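Source file: start.cif; contents: mmCIF, N, CA and C atoms.
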data_query
#
loop_
_atom_site.group_PDB
_atom_site.id
_atom_site.type_symbol
_atom_site.label_atom_id
_atom_site.label_comp_id
_atom_site.auth_asym_id
_atom_site.auth_seq_id
_atom_site.Cartn_x
_atom_site.Cartn_y
_atom_site.Cartn_z
ATOM 1 N N MET A 1 36.559 -12.006 -41.957
ATOM 2 C CA MET A 1 36.357 -12.993 -40.933
ATOM 3 C C MET A 1 35.977 -12.329 -39.602
ATOM 4 N N LYS A 2 36.662 -11.214 -39.297
ATOM 5 C CA LYS A 2 36.353 -10.491 -38.062
ATOM 6 C C LYS A 2 34.915 -9.994 -38.068
ATOM 7 N N LEU A 3 34.470 -9.564 -39.233
ATOM 8 C CA LEU A 3 33.108 -9.063 -39.357
ATOM 9 C C LEU A 3 32.099 -10.167 -39.065
ATOM 10 N N ILE A 4 32.319 -11.339 -39.589
ATOM 11 C CA ILE A 4 31.411 -12.468 -39.359
ATOM 12 C C ILE A 4 31.416 -12.846 -37.885
ATOM 13 N N LEU A 5 32.589 -12.876 -37.278
ATOM 14 C CA LEU A 5 32.702 -13.199 -35.856
ATOM 15 C C LEU A 5 31.985 -12.150 -35.004
ATOM 16 N N THR A 6 32.146 -10.899 -35.323
ATOM 17 C CA THR A 6 31.490 -9.810 -34.588
ATOM 18 C C THR A 6 29.974 -9.914 -34.731
ATOM 19 N N LEU A 7 29.498 -10.174 -35.942
ATOM 20 C CA LEU A 7 28.065 -10.310 -36.161
ATOM 21 C C LEU A 7 27.497 -11.518 -35.409
ATOM 22 N N ALA A 8 28.235 -12.593 -35.372
ATOM 23 C CA ALA A 8 27.800 -13.794 -34.650
ATOM 24 C C ALA A 8 27.694 -13.502 -33.154
ATOM 25 N N ILE A 9 28.651 -12.787 -32.620
ATOM 26 C CA ILE A 9 28.628 -12.419 -31.191
ATOM 27 C C ILE A 9 27.444 -11.504 -30.908
ATOM 28 N N LEU A 10 27.242 -10.513 -31.753
ATOM 29 C CA LEU A 10 26.119 -9.587 -31.559
ATOM 30 C C LEU A 10 24.782 -10.311 -31.648
ATOM 31 N N PHE A 11 24.640 -11.219 -32.593
ATOM 32 C CA PHE A 11 23.420 -11.993 -32.757
ATOM 33 C C PHE A 11 23.155 -12.840 -31.517
ATOM 34 N N THR A 12 24.211 -13.493 -31.005
ATOM 35 C CA THR A 12 24.083 -14.329 -29.806
ATOM 36 C C THR A 12 23.672 -13.474 -28.607
ATOM 37 N N MET A 13 24.260 -12.316 -28.463
ATOM 38 C CA MET A 13 23.923 -11.417 -27.357
ATOM 39 C C MET A 13 22.476 -10.931 -27.481
ATOM 40 N N ALA A 14 22.057 -10.622 -28.681
ATOM 41 C CA ALA A 14 20.680 -10.152 -28.899
ATOM 42 C C ALA A 14 19.685 -11.234 -28.511
ATOM 43 N N GLN A 15 19.985 -12.474 -28.861
ATOM 44 C CA GLN A 15 19.106 -13.584 -28.490
ATOM 45 C C GLN A 15 19.055 -13.761 -26.974
ATOM 46 N N ALA A 16 20.184 -13.628 -26.324
ATOM 47 C CA ALA A 16 20.247 -13.789 -24.867
ATOM 48 C C ALA A 16 19.379 -12.732 -24.187
ATOM 49 N N PHE A 17 19.441 -11.501 -24.660
ATOM 50 C CA PHE A 17 18.637 -10.438 -24.065
ATOM 51 C C PHE A 17 17.160 -10.615 -24.383
ATOM 52 N N ALA A 18 16.846 -11.136 -25.534
ATOM 53 C CA ALA A 18 15.445 -11.332 -25.910
ATOM 54 C C ALA A 18 14.799 -12.422 -25.061
ATOM 55 N N VAL A 19 15.566 -13.414 -24.669
ATOM 56 C CA VAL A 19 15.043 -14.525 -23.880
ATOM 57 C C VAL A 19 14.887 -14.120 -22.420
ATOM 58 N N THR A 20 15.773 -13.268 -21.934
ATOM 59 C CA THR A 20 15.744 -12.844 -20.536
ATOM 60 C C THR A 20 14.545 -11.933 -20.300
ATOM 61 N N ALA A 21 13.803 -12.214 -19.243
ATOM 62 C CA ALA A 21 12.648 -11.385 -18.905
ATOM 63 C C ALA A 21 13.129 -10.004 -18.482
ATOM 64 N N PRO A 22 12.444 -8.965 -18.933
ATOM 65 C CA PRO A 22 12.849 -7.618 -18.543
ATOM 66 C C PRO A 22 12.584 -7.401 -17.054
ATOM 67 N N GLU A 23 13.424 -6.604 -16.429
ATOM 68 C CA GLU A 23 13.233 -6.258 -15.017
ATOM 69 C C GLU A 23 11.996 -5.392 -14.876
ATOM 70 N N GLU A 24 11.261 -5.606 -13.800
ATOM 71 C CA GLU A 24 10.103 -4.763 -13.534
ATOM 72 C C GLU A 24 10.602 -3.412 -13.068
ATOM 73 N N ASN A 25 9.984 -2.347 -13.568
ATOM 74 C CA ASN A 25 10.360 -1.038 -13.053
ATOM 75 C C ASN A 25 9.554 -0.763 -11.785
ATOM 76 N N SER A 26 9.926 0.264 -11.059
ATOM 77 C CA SER A 26 9.315 0.515 -9.752
ATOM 78 C C SER A 26 7.822 0.798 -9.849
ATOM 79 N N SER A 27 7.348 1.434 -10.914
ATOM 80 C CA SER A 27 5.917 1.702 -11.025
ATOM 81 C C SER A 27 5.134 0.415 -11.247
ATOM 82 N N GLU A 28 5.714 -0.543 -11.986
ATOM 83 C CA GLU A 28 5.051 -1.838 -12.167
ATOM 84 C C GLU A 28 5.003 -2.597 -10.849
ATOM 85 N N LYS A 29 6.075 -2.536 -10.069
ATOM 86 C CA LYS A 29 6.092 -3.194 -8.770
ATOM 87 C C LYS A 29 5.048 -2.592 -7.852
ATOM 88 N N LYS A 30 4.956 -1.273 -7.844
ATOM 89 C CA LYS A 30 3.967 -0.602 -6.994
ATOM 90 C C LYS A 30 2.553 -0.992 -7.398
ATOM 91 N N ALA A 31 2.302 -1.055 -8.688
ATOM 92 C CA ALA A 31 0.965 -1.424 -9.160
ATOM 93 C C ALA A 31 0.612 -2.836 -8.716
ATOM 94 N N ALA A 32 1.597 -3.712 -8.709
ATOM 95 C CA ALA A 32 1.348 -5.089 -8.296
ATOM 96 C C ALA A 32 1.181 -5.206 -6.788
ATOM 97 N N GLN A 33 1.682 -4.219 -6.050
ATOM 98 C CA GLN A 33 1.640 -4.285 -4.597
ATOM 99 C C GLN A 33 0.558 -3.393 -3.995
ATOM 100 N N VAL A 34 -0.378 -2.944 -4.796
ATOM 101 C CA VAL A 34 -1.431 -2.094 -4.279
ATOM 102 C C VAL A 34 -2.169 -2.836 -3.173
ATOM 103 N N THR A 35 -2.277 -2.194 -2.048
ATOM 104 C CA THR A 35 -2.896 -2.808 -0.892
ATOM 105 C C THR A 35 -4.141 -2.024 -0.522
ATOM 106 N N THR A 36 -5.172 -2.724 -0.150
ATOM 107 C CA THR A 36 -6.387 -2.072 0.273
ATOM 108 C C THR A 36 -6.195 -1.522 1.680
ATOM 109 N N ALA A 37 -6.590 -0.289 1.880
ATOM 110 C CA ALA A 37 -6.444 0.340 3.189
ATOM 111 C C ALA A 37 -7.446 -0.247 4.175
ATOM 112 N N GLU A 38 -7.016 -0.333 5.405
ATOM 113 C CA GLU A 38 -7.885 -0.795 6.483
ATOM 114 C C GLU A 38 -9.019 0.213 6.684
ATOM 115 N N TYR A 39 -10.079 -0.248 7.304
ATOM 116 C CA TYR A 39 -11.239 0.580 7.682
ATOM 117 C C TYR A 39 -11.898 1.264 6.485
ATOM 118 N N GLY A 40 -11.884 0.595 5.364
ATOM 119 C CA GLY A 40 -12.536 1.141 4.182
ATOM 120 C C GLY A 40 -11.964 2.473 3.725
ATOM 121 N N GLY A 41 -10.698 2.710 4.056
ATOM 122 C CA GLY A 41 -10.045 3.959 3.657
ATOM 123 C C GLY A 41 -10.294 5.113 4.603
ATOM 124 N N HIS A 42 -10.894 4.834 5.749
ATOM 125 C CA HIS A 42 -11.110 5.897 6.738
ATOM 126 C C HIS A 42 -9.875 6.060 7.613
ATOM 127 N N CYS A 43 -9.703 7.242 8.152
ATOM 128 C CA CYS A 43 -8.557 7.573 8.988
ATOM 129 C C CYS A 43 -8.656 6.855 10.339
ATOM 130 N N PRO A 44 -7.659 6.033 10.678
ATOM 131 C CA PRO A 44 -7.691 5.325 11.960
ATOM 132 C C PRO A 44 -7.726 6.264 13.169
ATOM 133 N N MET A 45 -7.051 7.395 13.070
ATOM 134 C CA MET A 45 -7.056 8.342 14.199
ATOM 135 C C MET A 45 -8.437 8.949 14.357
ATOM 136 N N GLY A 46 -9.117 9.216 13.255
ATOM 137 C CA GLY A 46 -10.497 9.693 13.322
ATOM 138 C C GLY A 46 -11.387 8.677 14.034
ATOM 139 N N LEU A 47 -11.188 7.397 13.716
ATOM 140 C CA LEU A 47 -11.972 6.351 14.377
ATOM 141 C C LEU A 47 -11.705 6.337 15.875
ATOM 142 N N CYS A 48 -10.449 6.536 16.258
ATOM 143 C CA CYS A 48 -10.119 6.582 17.688
ATOM 144 C C CYS A 48 -10.879 7.704 18.388
ATOM 145 N N LEU A 49 -11.167 8.748 17.649
ATOM 146 C CA LEU A 49 -11.903 9.896 18.198
ATOM 147 C C LEU A 49 -13.405 9.786 17.926
ATOM 148 N N LYS A 50 -13.835 8.584 17.514
ATOM 149 C CA LYS A 50 -15.240 8.291 17.223
ATOM 150 C C LYS A 50 -15.796 9.138 16.089
ATOM 151 N N LYS A 51 -14.942 9.386 15.094
ATOM 152 C CA LYS A 51 -15.346 10.165 13.921
ATOM 153 C C LYS A 51 -14.990 9.372 12.672
ATOM 154 N N ARG A 52 -15.811 9.506 11.666
ATOM 155 C CA ARG A 52 -15.545 8.852 10.389
ATOM 156 C C ARG A 52 -14.993 9.920 9.445
ATOM 157 N N VAL A 53 -13.681 9.850 9.231
ATOM 158 C CA VAL A 53 -12.974 10.816 8.392
ATOM 159 C C VAL A 53 -12.258 10.038 7.296
ATOM 160 N N LYS A 54 -12.408 10.478 6.054
ATOM 161 C CA LYS A 54 -11.744 9.803 4.938
ATOM 162 C C LYS A 54 -10.233 9.982 5.037
ATOM 163 N N GLY A 55 -9.511 8.885 4.779
ATOM 164 C CA GLY A 55 -8.061 8.945 4.733
ATOM 165 C C GLY A 55 -7.592 9.420 3.369
ATOM 166 N N ASP A 56 -6.328 9.737 3.278
ATOM 167 C CA ASP A 56 -5.730 10.228 2.044
ATOM 168 C C ASP A 56 -4.432 9.458 1.812
ATOM 169 N N GLU A 57 -4.242 8.899 0.622
ATOM 170 C CA GLU A 57 -3.050 8.115 0.302
ATOM 171 C C GLU A 57 -1.760 8.927 0.437
ATOM 172 N N LYS A 58 -1.860 10.234 0.591
ATOM 173 C CA LYS A 58 -0.667 11.050 0.811
ATOM 174 C C LYS A 58 -0.094 10.812 2.200
ATOM 175 N N PHE A 59 -0.887 10.198 3.098
ATOM 176 C CA PHE A 59 -0.462 9.984 4.476
ATOM 177 C C PHE A 59 -0.597 8.507 4.852
ATOM 178 N N PRO A 60 0.230 7.645 4.237
ATOM 179 C CA PRO A 60 0.107 6.202 4.494
ATOM 180 C C PRO A 60 0.952 5.740 5.681
ATOM 181 N N LEU A 61 0.613 4.566 6.160
ATOM 182 C CA LEU A 61 1.423 3.884 7.169
ATOM 183 C C LEU A 61 1.197 2.390 7.003
ATOM 184 N N ASP A 62 2.268 1.647 6.794
ATOM 185 C CA ASP A 62 2.193 0.197 6.735
ATOM 186 C C ASP A 62 2.764 -0.335 8.038
ATOM 187 N N TYR A 63 1.978 -1.168 8.721
ATOM 188 C CA TYR A 63 2.379 -1.666 10.025
ATOM 189 C C TYR A 63 1.847 -3.087 10.194
ATOM 190 N N LYS A 64 2.749 -3.996 10.501
ATOM 191 C CA LYS A 64 2.410 -5.397 10.717
ATOM 192 C C LYS A 64 1.547 -5.980 9.588
ATOM 193 N N GLY A 65 1.948 -5.664 8.358
ATOM 194 C CA GLY A 65 1.277 -6.227 7.192
ATOM 195 C C GLY A 65 -0.040 -5.570 6.816
ATOM 196 N N LYS A 66 -0.369 -4.475 7.463
ATOM 197 C CA LYS A 66 -1.623 -3.776 7.142
ATOM 198 C C LYS A 66 -1.306 -2.369 6.660
ATOM 199 N N HIS A 67 -2.188 -1.865 5.808
ATOM 200 C CA HIS A 67 -2.002 -0.545 5.191
ATOM 201 C C HIS A 67 -3.067 0.410 5.725
ATOM 202 N N TYR A 68 -2.617 1.485 6.330
ATOM 203 C CA TYR A 68 -3.521 2.491 6.893
ATOM 204 C C TYR A 68 -3.294 3.805 6.158
ATOM 205 N N ILE A 69 -4.362 4.546 5.950
ATOM 206 C CA ILE A 69 -4.204 5.888 5.393
ATOM 207 C C ILE A 69 -4.884 6.888 6.325
ATOM 208 N N PHE A 70 -4.255 8.022 6.486
ATOM 209 C CA PHE A 70 -4.687 9.023 7.455
ATOM 210 C C PHE A 70 -5.163 10.285 6.752
ATOM 211 N N SER A 71 -5.913 11.064 7.492
ATOM 212 C CA SER A 71 -6.447 12.308 6.927
ATOM 213 C C SER A 71 -5.394 13.405 6.876
ATOM 214 N N SER A 72 -4.347 13.292 7.693
ATOM 215 C CA SER A 72 -3.295 14.307 7.722
ATOM 216 C C SER A 72 -2.022 13.723 8.323
ATOM 217 N N GLU A 73 -0.944 14.446 8.163
ATOM 218 C CA GLU A 73 0.334 14.054 8.760
ATOM 219 C C GLU A 73 0.215 14.039 10.285
ATOM 220 N N GLN A 74 -0.456 15.034 10.831
ATOM 221 C CA GLN A 74 -0.627 15.124 12.285
ATOM 222 C C GLN A 74 -1.406 13.926 12.831
ATOM 223 N N ALA A 75 -2.450 13.517 12.123
ATOM 224 C CA ALA A 75 -3.235 12.355 12.555
ATOM 225 C C ALA A 75 -2.351 11.105 12.571
ATOM 226 N N ARG A 76 -1.534 10.955 11.539
ATOM 227 C CA ARG A 76 -0.641 9.793 11.473
ATOM 228 C C ARG A 76 0.365 9.810 12.622
ATOM 229 N N GLU A 77 0.956 10.972 12.896
ATOM 230 C CA GLU A 77 1.948 11.069 13.960
ATOM 231 C C GLU A 77 1.320 10.815 15.334
ATOM 232 N N ASN A 78 0.124 11.327 15.556
ATOM 233 C CA ASN A 78 -0.572 11.078 16.829
ATOM 234 C C ASN A 78 -0.887 9.593 16.990
ATOM 235 N N PHE A 79 -1.291 8.953 15.920
ATOM 236 C CA PHE A 79 -1.621 7.524 15.943
ATOM 237 C C PHE A 79 -0.391 6.692 16.294
ATOM 238 N N LYS A 80 0.760 7.079 15.755
ATOM 239 C CA LYS A 80 1.992 6.321 15.961
ATOM 240 C C LYS A 80 2.510 6.413 17.397
ATOM 241 N N LYS A 81 2.072 7.404 18.161
ATOM 242 C CA LYS A 81 2.566 7.580 19.531
ATOM 243 C C LYS A 81 2.264 6.361 20.409
ATOM 244 N N ASP A 82 1.125 5.729 20.194
ATOM 245 C CA ASP A 82 0.772 4.496 20.911
ATOM 246 C C ASP A 82 0.026 3.596 19.929
ATOM 247 N N ILE A 83 0.754 3.160 18.922
ATOM 248 C CA ILE A 83 0.146 2.533 17.756
ATOM 249 C C ILE A 83 -0.674 1.287 18.071
ATOM 250 N N ASP A 84 -0.168 0.395 18.898
ATOM 251 C CA ASP A 84 -0.914 -0.840 19.170
ATOM 252 C C ASP A 84 -2.224 -0.559 19.916
ATOM 253 N N LYS A 85 -2.169 0.338 20.870
ATOM 254 C CA LYS A 85 -3.392 0.718 21.595
ATOM 255 C C LYS A 85 -4.379 1.411 20.648
ATOM 256 N N ASN A 86 -3.861 2.278 19.795
ATOM 257 C CA ASN A 86 -4.727 2.994 18.852
ATOM 258 C C ASN A 86 -5.341 2.059 17.815
ATOM 259 N N ILE A 87 -4.603 1.053 17.384
ATOM 260 C CA ILE A 87 -5.166 0.074 16.443
ATOM 261 C C ILE A 87 -6.307 -0.676 17.118
ATOM 262 N N GLU A 88 -6.090 -1.064 18.355
ATOM 263 C CA GLU A 88 -7.143 -1.761 19.105
ATOM 264 C C GLU A 88 -8.392 -0.887 19.227
ATOM 265 N N LEU A 89 -8.195 0.386 19.547
ATOM 266 C CA LEU A 89 -9.323 1.317 19.672
ATOM 267 C C LEU A 89 -10.010 1.536 18.328
ATOM 268 N N ALA A 90 -9.227 1.726 17.268
ATOM 269 C CA ALA A 90 -9.807 1.932 15.937
ATOM 270 C C ALA A 90 -10.581 0.689 15.497
ATOM 271 N N ASN A 91 -10.030 -0.499 15.765
ATOM 272 C CA ASN A 91 -10.731 -1.743 15.437
ATOM 273 C C ASN A 91 -12.075 -1.810 16.148
ATOM 274 N N SER A 92 -12.073 -1.452 17.415
ATOM 275 C CA SER A 92 -13.296 -1.485 18.212
ATOM 276 C C SER A 92 -14.332 -0.495 17.664
ATOM 277 N N GLN A 93 -13.881 0.702 17.361
ATOM 278 C CA GLN A 93 -14.792 1.728 16.830
ATOM 279 C C GLN A 93 -15.332 1.311 15.464
ATOM 280 N N TRP A 94 -14.459 0.777 14.611
ATOM 281 C CA TRP A 94 -14.872 0.366 13.269
ATOM 282 C C TRP A 94 -15.881 -0.773 13.349
ATOM 283 N N SER A 95 -15.632 -1.695 14.241
ATOM 284 C CA SER A 95 -16.544 -2.822 14.431
ATOM 285 C C SER A 95 -17.919 -2.321 14.883
ATOM 286 N N GLY A 96 -17.933 -1.387 15.806
ATOM 287 C CA GLY A 96 -19.189 -0.812 16.294
ATOM 288 C C GLY A 96 -19.926 -0.035 15.222
ATOM 289 N N MET A 97 -19.202 0.703 14.411
ATOM 290 C CA MET A 97 -19.833 1.484 13.339
ATOM 291 C C MET A 97 -20.448 0.554 12.301
ATOM 292 N N GLY A 98 -19.763 -0.532 11.981
ATOM 293 C CA GLY A 98 -20.287 -1.486 11.015
ATOM 294 C C GLY A 98 -21.545 -2.156 11.525
ATOM 295 N N ALA A 99 -21.569 -2.491 12.811
ATOM 296 C CA ALA A 99 -22.751 -3.123 13.401
ATOM 297 C C ALA A 99 -23.915 -2.157 13.417
ATOM 298 N N ALA A 100 -23.646 -0.893 13.701
ATOM 299 C CA ALA A 100 -24.710 0.121 13.729
ATOM 300 C C ALA A 100 -25.283 0.338 12.322
ATOM 301 N N GLU A 101 -24.410 0.320 11.309
ATOM 302 C CA GLU A 101 -24.882 0.493 9.927
ATOM 303 C C GLU A 101 -25.799 -0.649 9.518
ATOM 304 N N LYS A 102 -25.409 -1.877 9.867
ATOM 305 C CA LYS A 102 -26.226 -3.046 9.500
ATOM 306 C C LYS A 102 -27.572 -3.001 10.207
ATOM 307 N N ALA A 103 -27.613 -2.512 11.433
ATOM 308 C CA ALA A 103 -28.856 -2.438 12.188
ATOM 309 C C ALA A 103 -29.795 -1.391 11.599
ATOM 310 N N ASN A 104 -29.241 -0.342 11.004
ATOM 311 C CA ASN A 104 -30.059 0.725 10.424
ATOM 312 C C ASN A 104 -30.593 0.384 9.054
ATOM 313 N N LYS A 105 -30.113 -0.670 8.427
ATOM 314 C CA LYS A 105 -30.552 -1.021 7.059
ATOM 315 C C LYS A 105 -31.772 -1.875 7.068
#

Before we go any further, please render this structure as structure tokens.
Amino acid sequence: MKLILTLAILFTMAQAFAVTAPEENSSEKKAAQVTTAEYGGHCPMGLCLKKRVKGDEKFPLDYKGKHYIFSSEQARENFKKDIDKNIELANSQWSGMGAAEKANK
């Protein structure tokens, strides 16, 4: 009788786990949260200096819902010193570069 009761409990538990959705692991969460970097993946600090430098995902910064990638740790730290002003400057430079590209095509 104990054996039947134990098997019934195990069967019920197995069904409960099968019905429950598995927890997402951290790599699945990260894959679902992939965010496109601002400025087409260019370094915001480079833009502030009027240069087009590719960013690297090794140096990310998420700020006010936006994802920025920098060319180096130093570029990221310099950008953070006056972040709102630097974002404004990078936006202005990026906007100007995009307009210049369209005019040249």

Query raised in the report: Suppose you want the space between atom N of Glu57 of chain A and atom N of Ile69 of chain A; what is it in Å?
Result: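 We find that atom N of Glu57 of chain A and atom N of Ile69 of chain A lie 6.9 Å from each other.
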
Query raised in the report: Taking into account only C-alpha atoms, which residue in the set A:Cys43, A:Ala37, A:Cys48, A:Ala75 is nearest to Tyr63 of chain A?
Result: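 For Tyr63 of chain A, the nearest of the candidates is A:Ala37.
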
Requested in this report: May I ask for the distance between atom CA of Glu88 of chain A and atom C of Lys58 of chain A, given in Å to one decimal place?
Outcome: 22.2 Å

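We find atom C of Met97 of chain A and atom C of Phe59 of chain A to be spaced 22.6 Å apart.
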
Query raised in the report: Hey, what's within 8 Å of Ser72 of chain A if we count only C-alpha atoms and toss same-chain stuff fewer than 4 positions away? As an MDAnalysis selection string, please?
Result: chainID A and resid 55:56 59 76

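Shell of Thr36 of chain A at 8 Å, with only N, CA and C atoms counted and residues fewer than 2 places along the chain excluded, is Gln33, Val34, Glu38, Tyr39, Gly40, Gly41, Lys66, His67, Tyr68 and Ile69 of chain A.
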
Report task. Taking the DSSP assignment computed from this structure's backbone, write out as a ChimeraX atom specification all residues of segment 40-69 of chain A that belong to alpha helix (DSSP H). Result -> /A:44-48

Report task. Write out as number ranges by chain which residues come within 10 Å of Glu77 of chain A when counting only C-alpha atoms, dropping same-chain ones fewer than 5 positions away. Result -> A: 45, 59, 61, 70, 72, 82-83

Give me segment 41-59 of chain A from this structure - C-alpha atoms, as an mmCIF file, in the first residue's frame.
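Output saved as out_3.cif:
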data_model
loop_
_atom_site.group_PDB
_atom_site.id
_atom_site.type_symbol
_atom_site.label_atom_id
_atom_site.label_comp_id
_atom_site.auth_asym_id
_atom_site.auth_seq_id
_atom_site.Cartn_x
_atom_site.Cartn_y
_atom_site.Cartn_z
ATOM 1 C CA GLY A 41 27.129 51.108 -32.875
ATOM 2 C CA HIS A 42 29.559 54.015 -33.030
ATOM 3 C CA CYS A 43 31.278 55.313 -29.907
ATOM 4 C CA PRO A 44 29.383 58.307 -28.466
ATOM 5 C CA MET A 45 32.604 59.839 -27.123
ATOM 6 C CA GLY A 46 34.139 59.601 -30.590
ATOM 7 C CA LEU A 47 31.125 61.477 -31.950
ATOM 8 C CA CYS A 48 31.629 64.181 -29.325
ATOM 9 C CA LEU A 49 35.134 64.579 -30.733
ATOM 10 C CA LYS A 50 33.732 64.680 -34.294
ATOM 11 C CA LYS A 51 35.142 61.246 -35.104
ATOM 12 C CA ARG A 52 33.385 58.108 -36.247
ATOM 13 C CA VAL A 53 34.810 55.282 -34.139
ATOM 14 C CA LYS A 54 33.226 51.835 -33.863
ATOM 15 C CA GLY A 55 32.006 50.901 -30.401
ATOM 16 C CA ASP A 56 32.688 47.574 -28.737
ATOM 17 C CA GLU A 57 30.116 45.597 -26.697
ATOM 18 C CA LYS A 58 32.857 45.069 -24.096
ATOM 19 C CA PHE A 59 32.283 48.701 -23.054
#
